Amino acid sequence: MCQCLRELCRQQQEKEVALLADDGQHFGAFRLDYYSDRPDPKTGIAPRAIMSRGFDICRDYAEYFSLASGNLLFNGGTGLGKTHLALAMGRAIGEMGYGVCYESAAGLFGKLEKAKFYPTEETISAAKQLENCDLLIIDDLGTELNNSMTNMELFRCLDERLKRGQSTVISTNLSPNELRDTYADRIVSRINSAYQIIRFFGPDIREIKKYS
């Protein structure tokens with residue numbers, strides 16, 4: 001890809017992430033006061049302390065992002081802010097001039113399969129953007145229709161990006177055990193060995209906002 005085309009792709013990716021994050025999903029809008037500062041009876045750790053650490057990691061990742069920043073896995077239940085922080089990171093990193101792609105897991109596999117089975121200039125270009133971007137954000141892994149094809153495409157995507165040193169951020173509601181039950185061993189092995197895991201912990205923030 002020539003430099004001019006790469007720059008056009010980067011600008012388009014930045015616009016797409018900015019549009020997705022336009023409803024307030026940026027670092028300044030992330031509120032830690034929604035998370036309790038009371039220690040959890042099971043862990044003895046307050047959700048706010050866990051989330052404060054995770055927030056700092058995400059903010060630093062975005063602020064000091066480079067082509068060697070590595071990979072992150074957001075792990076936790078629904079409504080805990082995983083998508084919010086993923087989009088905040090994508091927006092900040094895109095504004096620094098890097099190519100960022102954000103896709104739900106279902107959207108990612110849909111684009112990769114279209115390029116494979118219905119190759120056109122448009123479908124191939126969409127898949128190439130996902131493969132070549134500096135940062136790929138895969139949201140809601142585990143919500144897609146899971147089968148041998150999606151397992152194969154996920155492994156290929158993650159493996160090739162690791163080999164090229166490209167950064168990937170994945171969010172999932174699946175627990176570590178559920179990840180092992182859902183995906184092939186080689187996928188889980190790649191994630192466990194090459195991703196920094198950030199735990200999201202606490203109540204469903206969407207429910208709190210609804211009644212506050």
# chains A, B, ... in the order shown; residues from 1 in each chain; ligands from 1

$ residues_around --residues "range 74-85 of chain A" --least-positions-apart "5" --cutoff "6 Å" --atoms "only C-alpha atoms" --output "JSON, numbers by chain"
{"A": [25, 171, 172, 173, 198, 199, 200, 204, 205, 206]}

$ residues_around --residues "Ile208 in chain A" --least-positions-apart "6" --cutoff "12 Å" --atoms "only C-alpha atoms" --output "list in words"
Arg31, Asp33, Tyr34, Tyr35, Ser36, Gly79, Leu80 and Gly202 of chain A

$ select_by_dssp --residues "range 53-129 of chain A" --states "strand (DSSP E)" --output "list in words"
Asn71, Leu72, Leu73, Phe74, Asn75, Val100, Cys101, Tyr102, Glu103 and Ser104 of chain A

$ select_by_dssp --residues "range 44-126 of chain A" --states "helix (DSSP H, G or I)" --output "ChimeraX atom specification"
/A:47-63,82-95,105-117,121-126

$ residues_around --residues "Ile93 in chain A" --least-positions-apart "6" --cutoff "8 Å" --atoms "only C-alpha atoms" --output "list in words"
Ala62, Glu63, Phe65 and Val100 of chain A

$ write_last_selection --atoms "all heavy atoms" --output "short mmCIF file (atom, residue, chain, number, x, y, z; two decimals), in the first residue's frame"
data_model
loop_
_atom_site.label_atom_id
_atom_site.label_comp_id
_atom_site.auth_asym_id
_atom_site.auth_seq_id
_atom_site.Cartn_x
_atom_site.Cartn_y
_atom_site.Cartn_z
N ALA A 62 -3.11 4.46 25.62
CA ALA A 62 -3.46 5.39 24.54
C ALA A 62 -2.46 6.54 24.46
O ALA A 62 -2.03 6.92 23.37
CB ALA A 62 -4.86 5.94 24.77
N GLU A 63 -2.08 7.08 25.60
CA GLU A 63 -1.19 8.25 25.61
C GLU A 63 0.19 7.94 25.05
O GLU A 63 0.79 8.75 24.35
CB GLU A 63 -1.05 8.79 27.03
CG GLU A 63 -0.22 10.06 27.13
CD GLU A 63 -0.19 10.64 28.53
OE1 GLU A 63 -0.92 10.13 29.41
OE2 GLU A 63 0.58 11.61 28.76
N PHE A 65 0.94 5.23 23.08
CA PHE A 65 0.83 4.18 22.07
C PHE A 65 1.94 4.29 21.03
O PHE A 65 2.33 5.37 20.60
CB PHE A 65 -0.52 4.27 21.36
CG PHE A 65 -0.75 3.17 20.37
CD1 PHE A 65 -1.18 1.93 20.79
CD2 PHE A 65 -0.51 3.36 19.01
CE1 PHE A 65 -1.39 0.90 19.88
CE2 PHE A 65 -0.71 2.34 18.10
CZ PHE A 65 -1.15 1.10 18.54
N VAL A 100 -6.69 3.02 13.11
CA VAL A 100 -7.45 2.28 14.11
C VAL A 100 -8.72 1.73 13.48
O VAL A 100 -9.44 2.46 12.80
CB VAL A 100 -7.82 3.18 15.31
CG1 VAL A 100 -8.64 2.40 16.33
CG2 VAL A 100 -6.58 3.77 15.96
#

$ closest_residue --among "A:Cys133, A:Met149, A:Ala29, A:Ala194" --to "Leu112 in chain A" --atoms "only C-alpha atoms"
A:Met149

$ atom_distance --atom1 "CA of Glu103 in chain A" --atom2 "CA of Tyr64 in chain A"
22.6 Å

$ closest_residue --among "A:Leu179, A:Ala115, A:Ile50, A:Cys101" --to "Gln129 in chain A" --atoms "only C-alpha atoms"
A:Cys101

$ residues_around --residues "Asp60 in chain A" --least-positions-apart "5" --cutoff "12 Å" --atoms "only C-alpha atoms" --output "list in words"
Phe27, Arg53, Gly54, Phe55, Phe65, Ser66, Ser69, Leu85, Ala88, Met89, Ala92 and Ile93 of chain A

$ write_last_selection --atoms "N, CA, C and O atoms" --output "short mmCIF file (atom, residue, chain, number, x, y, z; two decimals), in the first residue's frame"
data_model
loop_
_atom_site.label_atom_id
_atom_site.label_comp_id
_atom_site.auth_asym_id
_atom_site.auth_seq_id
_atom_site.Cartn_x
_atom_site.Cartn_y
_atom_site.Cartn_z
N PHE A 27 -12.21 9.36 27.54
CA PHE A 27 -11.67 9.18 28.89
C PHE A 27 -12.28 10.15 29.89
O PHE A 27 -12.54 9.79 31.04
N ARG A 53 -7.37 1.12 38.51
CA ARG A 53 -6.13 0.59 37.93
C ARG A 53 -6.30 0.32 36.44
O ARG A 53 -5.44 0.65 35.62
N GLY A 54 -7.44 -0.31 36.07
CA GLY A 54 -7.70 -0.59 34.66
C GLY A 54 -7.79 0.68 33.84
O GLY A 54 -7.28 0.74 32.71
N PHE A 55 -8.44 1.69 34.38
CA PHE A 55 -8.57 2.97 33.69
C PHE A 55 -7.19 3.58 33.43
O PHE A 55 -6.90 4.08 32.34
N PHE A 65 0.94 5.23 23.08
CA PHE A 65 0.83 4.18 22.07
C PHE A 65 1.94 4.29 21.03
O PHE A 65 2.33 5.37 20.60
N SER A 66 2.45 3.11 20.67
CA SER A 66 3.42 3.01 19.58
C SER A 66 3.15 1.70 18.86
O SER A 66 2.28 0.92 19.27
N SER A 69 3.23 -1.41 21.23
CA SER A 69 2.50 -1.30 22.50
C SER A 69 1.92 -2.61 23.00
O SER A 69 1.54 -2.72 24.17
N LEU A 85 -14.22 2.29 27.28
CA LEU A 85 -12.77 2.50 27.32
C LEU A 85 -12.10 2.07 26.02
O LEU A 85 -11.13 2.69 25.58
N ALA A 88 -12.68 4.92 23.70
CA ALA A 88 -11.89 6.08 24.14
C ALA A 88 -10.44 5.91 23.71
O ALA A 88 -9.80 6.86 23.23
N MET A 89 -9.92 4.69 23.86
CA MET A 89 -8.55 4.42 23.42
C MET A 89 -8.42 4.57 21.91
O MET A 89 -7.49 5.20 21.41
N ALA A 92 -8.48 8.28 20.87
CA ALA A 92 -7.26 9.00 21.23
C ALA A 92 -6.08 8.57 20.35
O ALA A 92 -5.29 9.40 19.89
N ILE A 93 -5.99 7.28 20.10
CA ILE A 93 -4.87 6.77 19.30
C ILE A 93 -5.04 7.17 17.83
O ILE A 93 -4.07 7.51 17.15
#

$ closest_residue --among "A:Gly97, A:Ala184, A:Asn71, A:Ser189" --to "Leu136 in chain A" --atoms "only C-alpha atoms"
A:Asn71

$ closest_residue --among "A:Ala86, A:Ile137, A:Cys157, A:Leu145" --to "Arg59 in chain A" --atoms "only C-alpha atoms"
A:Ala86

$ atom_distance --atom1 "CA of Leu72 in chain A" --atom2 "CA of Ser167 in chain A"
8.3 Å

$ atom_distance --atom1 "CA of Arg190 in chain A" --atom2 "CA of Leu154 in chain A"
10.8 Å

$ closest_atom_pairs --of "range 28-99 of chain A" --to "range 160-165 of chain A" --cutoff "8 Å" --atoms "only C-alpha atoms" --output "tab-separated table"
residue	atom	partner	partner_atom	distance
A:Leu67	CA	A:Gly165	CA	7.2
A:Ala68	CA	A:Gly165	CA	6.6
A:Gly70	CA	A:Gly165	CA	7.6

$ write_last_selection --atoms "all heavy atoms" --output "PDB file, in the first residue's frame"
ATOM      1  N   LEU A  67       3.905   1.447  17.813  1.00  0.00           N
ATOM      2  CA  LEU A  67       3.710   0.209  17.056  1.00  0.00           C
ATOM      3  C   LEU A  67       4.213  -1.006  17.821  1.00  0.00           C
ATOM      4  O   LEU A  67       4.129  -2.131  17.337  1.00  0.00           O
ATOM      5  CB  LEU A  67       4.425   0.312  15.704  1.00  0.00           C
ATOM      6  CG  LEU A  67       3.898   1.430  14.787  1.00  0.00           C
ATOM      7  CD1 LEU A  67       4.655   1.437  13.470  1.00  0.00           C
ATOM      8  CD2 LEU A  67       2.394   1.272  14.541  1.00  0.00           C
ATOM      9  N   ALA A  68       4.732  -0.787  19.043  1.00  0.00           N
ATOM     10  CA  ALA A  68       5.196  -1.899  19.875  1.00  0.00           C
ATOM     11  C   ALA A  68       4.454  -1.932  21.208  1.00  0.00           C
ATOM     12  O   ALA A  68       4.978  -2.448  22.196  1.00  0.00           O
ATOM     13  CB  ALA A  68       6.699  -1.774  20.111  1.00  0.00           C
ATOM     14  N   GLY A  70       1.791  -3.603  22.145  1.00  0.00           N
ATOM     15  CA  GLY A  70       1.270  -4.884  22.599  1.00  0.00           C
ATOM     16  C   GLY A  70      -0.242  -4.937  22.603  1.00  0.00           C
ATOM     17  O   GLY A  70      -0.926  -4.091  22.010  1.00  0.00           O
TER      18      GLY A  70
END

$ residues_around --residues "Ser125 in chain A" --least-positions-apart "5" --cutoff "10 Å" --atoms "only C-alpha atoms" --output "ChimeraX atom specification"
/A:9,111,115,119-120,130-131

$ write_last_selection --atoms "C-alpha atoms" --output "PDB file, in the first residue's frame"
ATOM      1  CA  CYS A   9      -7.332   4.656   4.929  1.00  0.00           C
ATOM      2  CA  LYS A 111     -16.120  -8.834   6.787  1.00  0.00           C
ATOM      3  CA  ALA A 115     -13.669 -11.228   1.518  1.00  0.00           C
ATOM      4  CA  PRO A 119     -14.236 -11.414  -3.105  1.00  0.00           C
ATOM      5  CA  THR A 120     -14.830  -8.011  -4.640  1.00  0.00           C
ATOM      6  CA  LEU A 130      -8.706  -4.837   9.444  1.00  0.00           C
ATOM      7  CA  GLU A 131      -5.538  -6.781   8.726  1.00  0.00           C
TER       8      GLU A 131
END

$ closest_residue --among "A:Glu207, A:Glu144, A:Asp185, A:Asp37" --to "Gly110 in chain A" --atoms "only C-alpha atoms"
A:Glu144
